[in-house]
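> The structure file protein25.pdb (PDB, C-alpha atoms and all ligand atoms) is provided below.
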```
ATOM      1  CA  MET O  26      66.514-106.508 -18.330  1.00  0.00           C
ATOM      2  CA  ALA O  27      64.967-104.561 -21.211  1.00  0.00           C
ATOM      3  CA  ARG O  28      62.536-106.475 -23.386  1.00  0.00           C
ATOM      4  CA  SER O  29      63.088-106.911 -27.080  1.00  0.00           C
ATOM      5  CA  ARG O  30      61.138-108.484 -29.870  1.00  0.00           C
ATOM      6  CA  ILE O  31      64.193-108.749 -32.057  1.00  0.00           C
ATOM      7  CA  LEU O  32      67.125-109.585 -29.785  1.00  0.00           C
ATOM      8  CA  ARG O  33      67.473-113.004 -28.239  1.00  0.00           C
ATOM      9  CA  ARG O  34      67.558-113.283 -24.471  1.00  0.00           C
ATOM     10  CA  ARG O  35      71.156-114.405 -24.716  1.00  0.00           C
ATOM     11  CA  ASP O  36      72.062-111.269 -26.727  1.00  0.00           C
ATOM     12  CA  ARG O  37      70.480-108.979 -24.179  1.00  0.00           C
ATOM     13  CA  LYS O  38      72.370-110.715 -21.422  1.00  0.00           C
ATOM     14  CA  SER O  39      75.765-110.352 -23.047  1.00  0.00           C
ATOM     15  CA  ILE O  40      75.021-106.718 -23.936  1.00  0.00           C
ATOM     16  CA  ALA O  41      74.018-106.014 -20.319  1.00  0.00           C
ATOM     17  CA  GLN O  42      77.275-107.543 -19.099  1.00  0.00           C
ATOM     18  CA  TRP O  43      79.290-105.504 -21.580  1.00  0.00           C
ATOM     19  CA  ILE O  44      77.549-102.256 -20.602  1.00  0.00           C
ATOM     20  CA  LYS O  45      78.328-102.951 -16.961  1.00  0.00           C
ATOM     21  CA  LYS O  46      82.016-103.094 -17.906  1.00  0.00           C
ATOM     22  CA  VAL O  47      81.785 -99.841 -19.866  1.00  0.00           C
ATOM     23  CA  LYS O  48      80.254 -98.115 -16.841  1.00  0.00           C
ATOM     24  CA  LYS O  49      82.987 -99.419 -14.548  1.00  0.00           C
ATOM     25  CA  ASN O  50      85.464 -97.964 -17.005  1.00  0.00           C
ATOM     26  CA  ARG O  51      88.183-100.546 -16.527  1.00  0.00           C
ATOM     27  CA  LEU O  52      88.655-101.325 -20.206  1.00  0.00           C
ATOM     28  CA  PRO O  53      91.648-100.498 -22.415  1.00  0.00           C
ATOM     29  CA  LYS O  54      91.597 -96.984 -23.900  1.00  0.00           C
ATOM     30  CA  ASP O  55      93.131 -98.180 -27.159  1.00  0.00           C
ATOM     31  CA  LYS O  56      90.275 -98.530 -29.627  1.00  0.00           C
ATOM     32  CA  SER O  57      91.279-101.660 -31.498  1.00  0.00           C
ATOM     33  CA  GLU O  58      92.116-103.471 -28.274  1.00  0.00           C
ATOM     34  CA  ARG O  59      88.813-102.473 -26.754  1.00  0.00           C
ATOM     35  CA  LEU O  60      86.852-103.499 -29.844  1.00  0.00           C
ATOM     36  CA  LYS O  61      88.516-106.890 -29.827  1.00  0.00           C
ATOM     37  CA  ILE O  62      87.428-107.493 -26.240  1.00  0.00           C
ATOM     38  CA  MET O  63      83.976-106.085 -26.956  1.00  0.00           C
ATOM     39  CA  LYS O  64      83.300-108.352 -29.932  1.00  0.00           C
ATOM     40  CA  HIS O  65      84.576-111.342 -28.018  1.00  0.00           C
ATOM     41  CA  LYS O  66      82.471-110.598 -24.929  1.00  0.00           C
ATOM     42  CA  LEU O  67      79.326-109.783 -26.880  1.00  0.00           C
ATOM     43  CA  ALA O  68      79.709-112.822 -29.145  1.00  0.00           C
ATOM     44  CA  LEU O  69      76.651-111.776 -31.148  1.00  0.00           C
ATOM     45  CA  PRO O  70      75.679-113.840 -34.192  1.00  0.00           C
ATOM     46  CA  TYR O  71      75.410-110.763 -36.440  1.00  0.00           C
ATOM     47  CA  GLU O  72      77.871-109.143 -38.842  1.00  0.00           C
ATOM     48  CA  VAL O  73      79.553-105.934 -37.733  1.00  0.00           C
ATOM     49  CA  MET O  74      78.624-103.272 -40.281  1.00  0.00           C
ATOM     50  CA  GLY O  75      80.027-100.166 -38.711  1.00  0.00           C
ATOM     51  CA  GLU O  76      82.646 -99.138 -36.194  1.00  0.00           C
ATOM     52  CA  GLY O  77      82.066 -95.581 -35.052  1.00  0.00           C
ATOM     53  CA  SER O  78      84.213 -93.833 -32.489  1.00  0.00           C
ATOM     54  CA  LYS O  79      81.539 -94.417 -29.869  1.00  0.00           C
ATOM     55  CA  ARG O  80      79.276 -97.213 -31.040  1.00  0.00           C
ATOM     56  CA  LEU O  81      79.667-100.619 -32.622  1.00  0.00           C
ATOM     57  CA  VAL O  82      76.972-101.280 -35.216  1.00  0.00           C
ATOM     58  CA  TYR O  83      75.694-104.758 -36.066  1.00  0.00           C
ATOM     59  CA  ASP O  84      73.708-105.815 -39.127  1.00  0.00           C
ATOM     60  CA  LEU O  85      70.740-107.128 -37.144  1.00  0.00           C
ATOM     61  CA  THR O  86      67.961-107.887 -39.630  1.00  0.00           C
ATOM     62  CA  LYS O  87      67.095-107.047 -43.203  1.00  0.00           C
ATOM     63  CA  LYS O  88      65.728-103.722 -42.029  1.00  0.00           C
ATOM     64  CA  SER O  89      67.516-102.895 -38.808  1.00  0.00           C
ATOM     65  CA  VAL O  90      70.858-102.327 -37.145  1.00  0.00           C
ATOM     66  CA  LEU O  91      71.924-102.688 -33.526  1.00  0.00           C
ATOM     67  CA  LYS O  92      74.107 -99.973 -31.969  1.00  0.00           C
ATOM     68  CA  VAL O  93      76.006-100.867 -28.806  1.00  0.00           C
ATOM     69  CA  ALA O  94      78.049 -98.341 -26.821  1.00  0.00           C
ATOM     70  CA  ILE O  95      81.808 -98.852 -27.052  1.00  0.00           C
ATOM     71  CA  ASN O  96      82.606 -96.332 -24.335  1.00  0.00           C
ATOM     72  CA  GLU O  97      80.994 -93.763 -22.024  1.00  0.00           C
ATOM     73  CA  LYS O  98      80.485 -91.348 -24.905  1.00  0.00           C
ATOM     74  CA  GLY O  99      78.585 -94.105 -26.672  1.00  0.00           C
ATOM     75  CA  LEU O 100      76.291 -94.453 -23.655  1.00  0.00           C
ATOM     76  CA  ARG O 101      75.651 -90.716 -23.762  1.00  0.00           C
ATOM     77  CA  ASP O 102      75.061 -90.642 -27.523  1.00  0.00           C
ATOM     78  CA  ASN O 103      72.636 -93.553 -27.421  1.00  0.00           C
ATOM     79  CA  LYS O 104      70.657 -91.725 -24.727  1.00  0.00           C
ATOM     80  CA  ARG O 105      70.676 -88.508 -26.724  1.00  0.00           C
ATOM     81  CA  GLU O 106      69.639 -90.240 -29.909  1.00  0.00           C
ATOM     82  CA  ILE O 107      66.628 -91.805 -28.179  1.00  0.00           C
ATOM     83  CA  LYS O 108      65.649 -88.503 -26.568  1.00  0.00           C
ATOM     84  CA  ILE O 109      65.952 -86.559 -29.823  1.00  0.00           C
ATOM     85  CA  TYR O 110      63.999 -89.170 -31.751  1.00  0.00           C
ATOM     86  CA  ARG O 111      61.173 -89.248 -29.225  1.00  0.00           C
ATOM     87  CA  SER O 112      60.832 -85.502 -28.934  1.00  0.00           C
ATOM     88  CA  ALA O 113      61.347 -84.527 -32.583  1.00  0.00           C
ATOM     89  CA  PRO O 114      58.417 -82.764 -34.247  1.00  0.00           C
ATOM     90  CA  ARG O 115      56.469 -84.933 -36.629  1.00  0.00           C
ATOM     91  CA  ASN O 116      57.536 -83.276 -39.865  1.00  0.00           C
ATOM     92  CA  LEU O 117      61.209 -83.665 -38.946  1.00  0.00           C
ATOM     93  CA  LYS O 118      61.022 -87.188 -37.564  1.00  0.00           C
ATOM     94  CA  LYS O 119      61.089 -88.648 -41.055  1.00  0.00           C
ATOM     95  CA  HIS O 120      64.589 -87.223 -41.412  1.00  0.00           C
ATOM     96  CA  LEU O 121      65.828 -89.225 -38.422  1.00  0.00           C
ATOM     97  CA  ALA O 122      66.373 -92.963 -38.807  1.00  0.00           C
ATOM     98  CA  LYS O 123      63.664 -94.607 -36.752  1.00  0.00           C
ATOM     99  CA  ILE O 124      64.581 -96.101 -33.391  1.00  0.00           C
ATOM    100  CA  ARG O 125      62.604 -99.295 -32.966  1.00  0.00           C
ATOM    101  CA  GLU O 126      63.733-100.508 -29.557  1.00  0.00           C
ATOM    102  CA  ASN O 127      66.223 -99.518 -26.912  1.00  0.00           C
ATOM    103  CA  GLY O 128      67.720-100.625 -23.631  1.00  0.00           C
ATOM    104  CA  ALA O 129      70.661 -99.713 -21.415  1.00  0.00           C
ATOM    105  CA  GLY O 130      73.540 -98.880 -23.736  1.00  0.00           C
ATOM    106  CA  TRP O 131      71.920-100.198 -26.925  1.00  0.00           C
ATOM    107  CA  LEU O 132      69.337 -99.289 -29.517  1.00  0.00           C
ATOM    108  CA  ILE O 133      67.842-100.798 -32.647  1.00  0.00           C
ATOM    109  CA  MET O 134      67.510 -98.450 -35.618  1.00  0.00           C
ATOM    110  CA  ASP O 135      66.179 -98.769 -39.156  1.00  0.00           C
ATOM    111  CA  LYS O 136      68.903 -99.743 -41.580  1.00  0.00           C
ATOM    112  CA  ILE O 137      69.512 -97.202 -44.344  1.00  0.00           C
ATOM    113  CA  ASN O 138      72.358 -97.931 -46.717  1.00  0.00           C
ATOM    114  CA  GLN O 139      72.059 -95.505 -49.612  1.00  0.00           C
ATOM    115  CA  ILE O 140      74.952 -93.041 -49.493  1.00  0.00           C
ATOM    116  CA  VAL O 141      74.234 -89.353 -50.175  1.00  0.00           C
ATOM    117  CA  PRO O 142      76.382 -88.136 -53.080  1.00  0.00           C
ATOM    118  CA  ASP O 143      78.501 -85.162 -51.992  1.00  0.00           C
ATOM    119  CA  THR O 144      77.036 -82.712 -54.509  1.00  0.00           C
ATOM    120  CA  LYS O 145      76.288 -79.005 -54.226  1.00  0.00           C
ATOM    121  CA  LYS O 146      72.577 -79.703 -54.386  1.00  0.00           C
ATOM    122  CA  ASN O 147      72.678 -82.252 -51.598  1.00  0.00           C
ATOM    123  CA  LYS O 148      74.755 -79.944 -49.435  1.00  0.00           C
ATOM    124  CA  GLN O 149      72.165 -77.228 -49.873  1.00  0.00           C
ATOM    125  CA  LYS O 150      69.414 -79.669 -49.049  1.00  0.00           C
ATOM    126  CA  LEU O 151      71.144 -80.751 -45.867  1.00  0.00           C
ATOM    127  CA  LYS O 152      71.853 -77.155 -44.831  1.00  0.00           C
ATOM    128  CA  LYS O 153      68.167 -76.380 -45.273  1.00  0.00           C
ATOM    129  CA  LEU O 154      67.298 -79.361 -43.132  1.00  0.00           C
ATOM    130  CA  GLU O 155      69.698 -78.189 -40.421  1.00  0.00           C
ATOM    131  CA  LYS O 156      67.927 -74.833 -40.408  1.00  0.00           C
ATOM    132  CA  ARG O 157      64.553 -76.498 -40.000  1.00  0.00           C
ATOM    133  CA  PHE O 158      65.848 -78.446 -37.014  1.00  0.00           C
ATOM    134  CA  LYS O 159      67.278 -75.273 -35.526  1.00  0.00           C
ATOM    135  CA  LYS O 160      63.945 -73.514 -35.839  1.00  0.00           C
ATOM    136  CA  ARG O 161      62.402 -76.268 -33.770  1.00  0.00           C
ATOM    137  CA  GLY O 162      65.081 -75.982 -31.092  1.00  0.00           C
ATOM    138  CA  ILE O 163      67.316 -78.836 -32.188  1.00  0.00           C
ATOM    139  CA  ILE O 164      70.968 -78.101 -32.870  1.00  0.00           C
ATOM    140  CA  THR O 165      72.375 -80.519 -35.417  1.00  0.00           C
ATOM    141  CA  ASP O 166      76.006 -81.612 -35.417  1.00  0.00           C
ATOM    142  CA  ASP O 167      78.462 -83.798 -37.259  1.00  0.00           C
ATOM    143  CA  LEU O 168      76.745 -83.661 -40.659  1.00  0.00           C
ATOM    144  CA  PHE O 169      79.570 -81.783 -42.396  1.00  0.00           C
ATOM    145  CA  SER O 170      83.290 -82.374 -42.076  1.00  0.00           C
ATOM    146  CA  ARG O 171      85.777 -79.618 -41.294  1.00  0.00           C
ATOM    147  CA  SER O 172      86.477 -79.224 -44.968  1.00  0.00           C
ATOM    148  CA  LYS O 173      82.711 -78.634 -45.454  1.00  0.00           C
ATOM    149  CA  LYS O 174      82.222 -82.006 -47.123  1.00  0.00           C
ATOM    150  CA  LEU O 175      79.026 -83.903 -46.525  1.00  0.00           C
ATOM    151  CA  LYS O 176      79.680 -86.618 -43.938  1.00  0.00           C
ATOM    152  CA  GLY O 177      78.486 -89.673 -45.791  1.00  0.00           C
ATOM    153  CA  SER O 178      78.822 -91.784 -42.686  1.00  0.00           C
ATOM    154  CA  ASN O 179      76.097 -89.919 -40.829  1.00  0.00           C
ATOM    155  CA  THR O 180      73.434 -89.107 -43.447  1.00  0.00           C
ATOM    156  CA  ARG O 181      71.789 -91.479 -45.924  1.00  0.00           C
ATOM    157  CA  LEU O 182      68.965 -91.546 -48.484  1.00  0.00           C
ATOM    158  CA  ASN O 183      65.771 -93.505 -47.919  1.00  0.00           C
ATOM    159  CA  LYS O 184      63.894 -95.366 -50.645  1.00  0.00           C
ATOM    160  CA  LYS O 185      62.074 -92.209 -51.676  1.00  0.00           C
ATOM    161  CA  GLY O 186      65.343 -90.288 -51.935  1.00  0.00           C
ATOM    162  CA  GLY O 187      64.731 -88.293 -48.766  1.00  0.00           C
ATOM    163  CA  MET O 188      67.608 -87.377 -46.472  1.00  0.00           C
ATOM    164  CA  VAL O 189      67.801 -89.317 -43.247  1.00  0.00           C
ATOM    165  CA  VAL O 190      70.321 -88.829 -40.452  1.00  0.00           C
ATOM    166  CA  ILE O 191      71.571 -92.178 -39.099  1.00  0.00           C
ATOM    167  CA  ASP O 192      73.887 -90.712 -36.445  1.00  0.00           C
ATOM    168  CA  TYR O 193      72.207 -87.949 -34.453  1.00  0.00           C
ATOM    169  CA  GLY O 194      73.800 -88.808 -31.139  1.00  0.00           C
ATOM    170  CA  ASN O 195      75.429 -85.368 -31.253  1.00  0.00           C
ATOM    171  CA  PHE O 196      72.226 -83.388 -31.749  1.00  0.00           C
ATOM    172  CA  LYS O 197      71.242 -81.202 -28.835  1.00  0.00           C
ATOM    173  CA  ARG O 198      68.155 -79.399 -27.660  1.00  0.00           C
ATOM    174  CA  LYS O 199      68.530 -75.637 -27.345  1.00  0.00           C
ATOM    175  CA  LYS O 200      68.434 -74.656 -23.700  1.00  0.00           C
TER     176      LYS O 200
HETATM  177  N1  LIG V 301      70.904 -96.832 -39.373  1.00  0.00           N
HETATM  178  C1  LIG V 301      71.986 -97.264 -40.006  1.00  0.00           C
HETATM  179  N2  LIG V 301      71.919 -97.892 -41.200  1.00  0.00           N
HETATM  180  C2  LIG V 301      73.032 -98.339 -41.833  1.00  0.00           C
HETATM  181  N3  LIG V 301      74.272 -98.190 -41.334  1.00  0.00           N
HETATM  182  C3  LIG V 301      74.425 -97.594 -40.155  1.00  0.00           C
HETATM  183  C4  LIG V 301      73.294 -97.093 -39.424  1.00  0.00           C
HETATM  184  N4  LIG V 301      73.741 -96.530 -38.283  1.00  0.00           N
HETATM  185  C5  LIG V 301      75.074 -96.656 -38.307  1.00  0.00           C
HETATM  186  N5  LIG V 301      75.510 -97.287 -39.422  1.00  0.00           N
HETATM  187  C6  LIG V 301      76.919 -97.575 -39.786  1.00  0.00           C
HETATM  188  O1  LIG V 301      77.716 -97.637 -38.624  1.00  0.00           O
HETATM  189  C7  LIG V 301      78.662 -96.554 -38.587  1.00  0.00           C
HETATM  190  C8  LIG V 301      78.830 -96.052 -37.165  1.00  0.00           C
HETATM  191  O2  LIG V 301      77.583 -95.636 -36.629  1.00  0.00           O
HETATM  192  P1  LIG V 301      77.418 -94.238 -35.871  1.00  0.00           P
HETATM  193  O3  LIG V 301      77.856 -93.151 -36.782  1.00  0.00           O
HETATM  194  O4  LIG V 301      76.058 -94.154 -35.345  1.00  0.00           O
HETATM  195  O5  LIG V 301      78.447 -94.440 -34.673  1.00  0.00           O
HETATM  196  P2  LIG V 301      79.236 -93.335 -33.853  1.00  0.00           P
HETATM  197  O6  LIG V 301      80.151 -94.052 -32.951  1.00  0.00           O
HETATM  198  O7  LIG V 301      78.289 -92.381 -33.264  1.00  0.00           O
HETATM  199  O8  LIG V 301      80.057 -92.632 -35.008  1.00  0.00           O
HETATM  200  P3  LIG V 301      81.070 -91.398 -35.036  1.00  0.00           P
HETATM  201  O9  LIG V 301      82.406 -92.017 -35.250  1.00  0.00           O
HETATM  202  O10 LIG V 301      80.576 -90.654 -36.232  1.00  0.00           O
HETATM  203  O11 LIG V 301      80.936 -90.644 -33.776  1.00  0.00           O
HETATM  204  C9  LIG V 301      78.084 -95.530 -39.562  1.00  0.00           C
HETATM  205  O12 LIG V 301      79.071 -94.693 -40.079  1.00  0.00           O
HETATM  206  C10 LIG V 301      77.465 -96.414 -40.618  1.00  0.00           C
HETATM  207  O13 LIG V 301      78.433 -96.917 -41.501  1.00  0.00           O
HETATM  208 MG    MG V 302      78.908 -91.515 -37.093  1.00  0.00          MG
END
```
Would you encode the structure as structure tokens?


Amino acid sequence: MARSRILRRRDRKSIAQWIKKVKKNRLPKDKSERLKIMKHKLALPYEVMGEGSKRLVYDLTKKSVLKVAINEKGLRDNKREIKIYRSAPRNLKKHLAKIRENGAGWLIMDKINQIVPDTKKNKQKLKKLEKRFKKRGIITDDLFSRSKKLKGSNTRLNKKGGMVVIDYGNFKRKK
């Protein structure tokens, strides 16, 4: 079982059991039904602060969140997020929410709450950032909605006002 300085042994155990179920793929497809079972099985003593389509996010500590895979796509995105974070060039890493710990199907990430206002200036800033990632071989995704609006659920502002992506599970390395 993966070590953790933050999670209790009991938490890691229930997460490991949940992930086993996700891999076996014998859970209901319906999202709300699945989430109900997930929360019940995990029985973690933390508040849920986000329900993505692929990962359930818990308010872990003052400074960190815990992301647990809801489904197989969540397993894949957690893996990708870890890979992208580890391999990102130094000057771009500060634009990715830091991953502090990870294990099978879960990761602990810095908590960043400040929403990015959907302004023209911020859109330009984010587009510039996407270009910088592209130059370094990383294809960004999911930062703008279909209607070209800034996806507030995936990008945030850190204390210094810098843009930080909190969901980069869809980023890919150029082949
Ligand atoms: N680092 C973070 N700090 C604060 N809140 C977070 C953080 N990471 C995730 N969240 C919250 O949890 C929600 C879901 O997380 P995330 O976007 O990573 O999951 P997902 O399943 O990949 O989402 P999607 O539905 O976009 O595919 C976010 O929209 C956000 O509200
Ligand atoms: Mg998201």

> Tell me which protein, DNA and RNA residues are within 10 Å of Leu85 of chain O, counting all atoms listed in the file, leaving out same-chain ones fewer than 4 positions away, and put them as a ChimeraX atom specification.

/O:31-32,69-74,89-92,133-136

> Can you tell me which residues sit at most 12 Å away from ligand MG 302 (chain V), counting only C-alpha atoms and all ligand atoms, written as a VMD selection string?

chain O and resid 75 to 82 92 99 102 to 103 106 166 to 170 176 to 181 190 to 196

> Which residue gives the smallest distance to ligand LIG 301 (chain V) among O:Lys173, O:Arg125, O:Lys156, O:Lys146, with all atoms listed in the file counted?

O:Arg125

> List the residues selected by the PyMOL selection byres (((chain O and resi 155) around 12) and not hetatm) in the file shown, writing them as an NGL selection string.

:O and (117 or 120-121 or 148-154 or 156-169 or 180 or 188-190 or 193 or 196)

> For Lys104 of chain O, please output as a PDB file with C-alpha atoms, in the frame of the given file all residues within 8 Å (counting only C-alpha atoms; exclusion window: fewer than 3 positions along the same chain).


```
ATOM      1  CA  LEU O 100      76.291 -94.453 -23.655  1.00  0.00           C
ATOM      2  CA  ARG O 101      75.651 -90.716 -23.762  1.00  0.00           C
ATOM      3  CA  ILE O 107      66.628 -91.805 -28.179  1.00  0.00           C
ATOM      4  CA  LYS O 108      65.649 -88.503 -26.568  1.00  0.00           C
ATOM      5  CA  GLY O 130      73.540 -98.880 -23.736  1.00  0.00           C
ATOM      6  CA  GLY O 194      73.800 -88.808 -31.139  1.00  0.00           C
TER       7      GLY O 194
END
```

> Distance atom C2 of ligand LIG 301 (chain V)-atom CA of Gln139 of chain O, one decimal place?

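Value for the atom C2 of ligand LIG 301 (chain V)-atom CA of Gln139 of chain O distance: 8.3 Å.
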
> Need the neighbours of (87.3, -103.6, -25.3): which residues are at most 12 Å away, counting all atoms listed in the file, as number ranges by chain?

O: 43-44, 46-47, 50-67, 79-81, 94-96

> Can I get the selected residues back with C-alpha atoms, as a PDB file, in the frame of the given file?


```pdb
ATOM      1  CA  TRP O  43      79.290-105.504 -21.580  1.00  0.00           C
ATOM      2  CA  ILE O  44      77.549-102.256 -20.602  1.00  0.00           C
ATOM      3  CA  LYS O  46      82.016-103.094 -17.906  1.00  0.00           C
ATOM      4  CA  VAL O  47      81.785 -99.841 -19.866  1.00  0.00           C
ATOM      5  CA  ASN O  50      85.464 -97.964 -17.005  1.00  0.00           C
ATOM      6  CA  ARG O  51      88.183-100.546 -16.527  1.00  0.00           C
ATOM      7  CA  LEU O  52      88.655-101.325 -20.206  1.00  0.00           C
ATOM      8  CA  PRO O  53      91.648-100.498 -22.415  1.00  0.00           C
ATOM      9  CA  LYS O  54      91.597 -96.984 -23.900  1.00  0.00           C
ATOM     10  CA  ASP O  55      93.131 -98.180 -27.159  1.00  0.00           C
ATOM     11  CA  LYS O  56      90.275 -98.530 -29.627  1.00  0.00           C
ATOM     12  CA  SER O  57      91.279-101.660 -31.498  1.00  0.00           C
ATOM     13  CA  GLU O  58      92.116-103.471 -28.274  1.00  0.00           C
ATOM     14  CA  ARG O  59      88.813-102.473 -26.754  1.00  0.00           C
ATOM     15  CA  LEU O  60      86.852-103.499 -29.844  1.00  0.00           C
ATOM     16  CA  LYS O  61      88.516-106.890 -29.827  1.00  0.00           C
ATOM     17  CA  ILE O  62      87.428-107.493 -26.240  1.00  0.00           C
ATOM     18  CA  MET O  63      83.976-106.085 -26.956  1.00  0.00           C
ATOM     19  CA  LYS O  64      83.300-108.352 -29.932  1.00  0.00           C
ATOM     20  CA  HIS O  65      84.576-111.342 -28.018  1.00  0.00           C
ATOM     21  CA  LYS O  66      82.471-110.598 -24.929  1.00  0.00           C
ATOM     22  CA  LEU O  67      79.326-109.783 -26.880  1.00  0.00           C
ATOM     23  CA  LYS O  79      81.539 -94.417 -29.869  1.00  0.00           C
ATOM     24  CA  ARG O  80      79.276 -97.213 -31.040  1.00  0.00           C
ATOM     25  CA  LEU O  81      79.667-100.619 -32.622  1.00  0.00           C
ATOM     26  CA  ALA O  94      78.049 -98.341 -26.821  1.00  0.00           C
ATOM     27  CA  ILE O  95      81.808 -98.852 -27.052  1.00  0.00           C
ATOM     28  CA  ASN O  96      82.606 -96.332 -24.335  1.00  0.00           C
TER      29      ASN O  96
END
```

> Between atom O5 of ligand LIG 301 (chain V) and atom CA of Ile40 of chain O, what distance in Å does the model show, to one decimal?

16.7 Å

> Would you compute the distance between atom CA of Arg105 of chain O and atom C9 of ligand LIG 301 (chain V)? Give it in Å to one decimal.

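One can read the atom CA of Arg105 of chain O to atom C9 of ligand LIG 301 (chain V) distance as 16.4 Å.
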
> Under the rule that only C-alpha atoms and all ligand atoms are counted, which of O:Ala129, O:Val93, O:Val141, O:Ala113 is the nearest residue to ligand LIG 301 (chain V)?

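Going through O:Ala129, O:Val93, O:Val141, O:Ala113 one by one, the smallest distance to ligand LIG 301 (chain V) is for O:Val93.
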
> Ranking O:Lys88, O:Lys200, O:Lys145, O:Lys118 by minimum distance to ligand LIG 301 (chain V) and counting only C-alpha atoms and all ligand atoms, which one comes first?

O:Lys88

> Between O:Leu132, O:Ile124, O:Ile137, O:Ile109, single out the one closest to ligand LIG 301 (chain V), counting only C-alpha atoms and all ligand atoms.

O:Ile137

> Using all atoms listed in the file, which of O:Ser39, O:Ser172, O:Asn183, O:Asn116 sits nearest Asn138 of chain O?

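With all atoms listed in the file as the atom set, the closest residue is O:Asn183.
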
> If you take every atom of ligand LIG 301 (chain V) that the file lists and fit an axis-aligned box around them with 4 Å extra on each side, what centre and edge lengths come out in Å to one decimal, as lines of an AutoDock Vina configuration file?


```
center_x = 76.7
center_y = -94.5
center_z = -37.4
size_x = 19.5
size_y = 15.7
size_z = 16.9
```
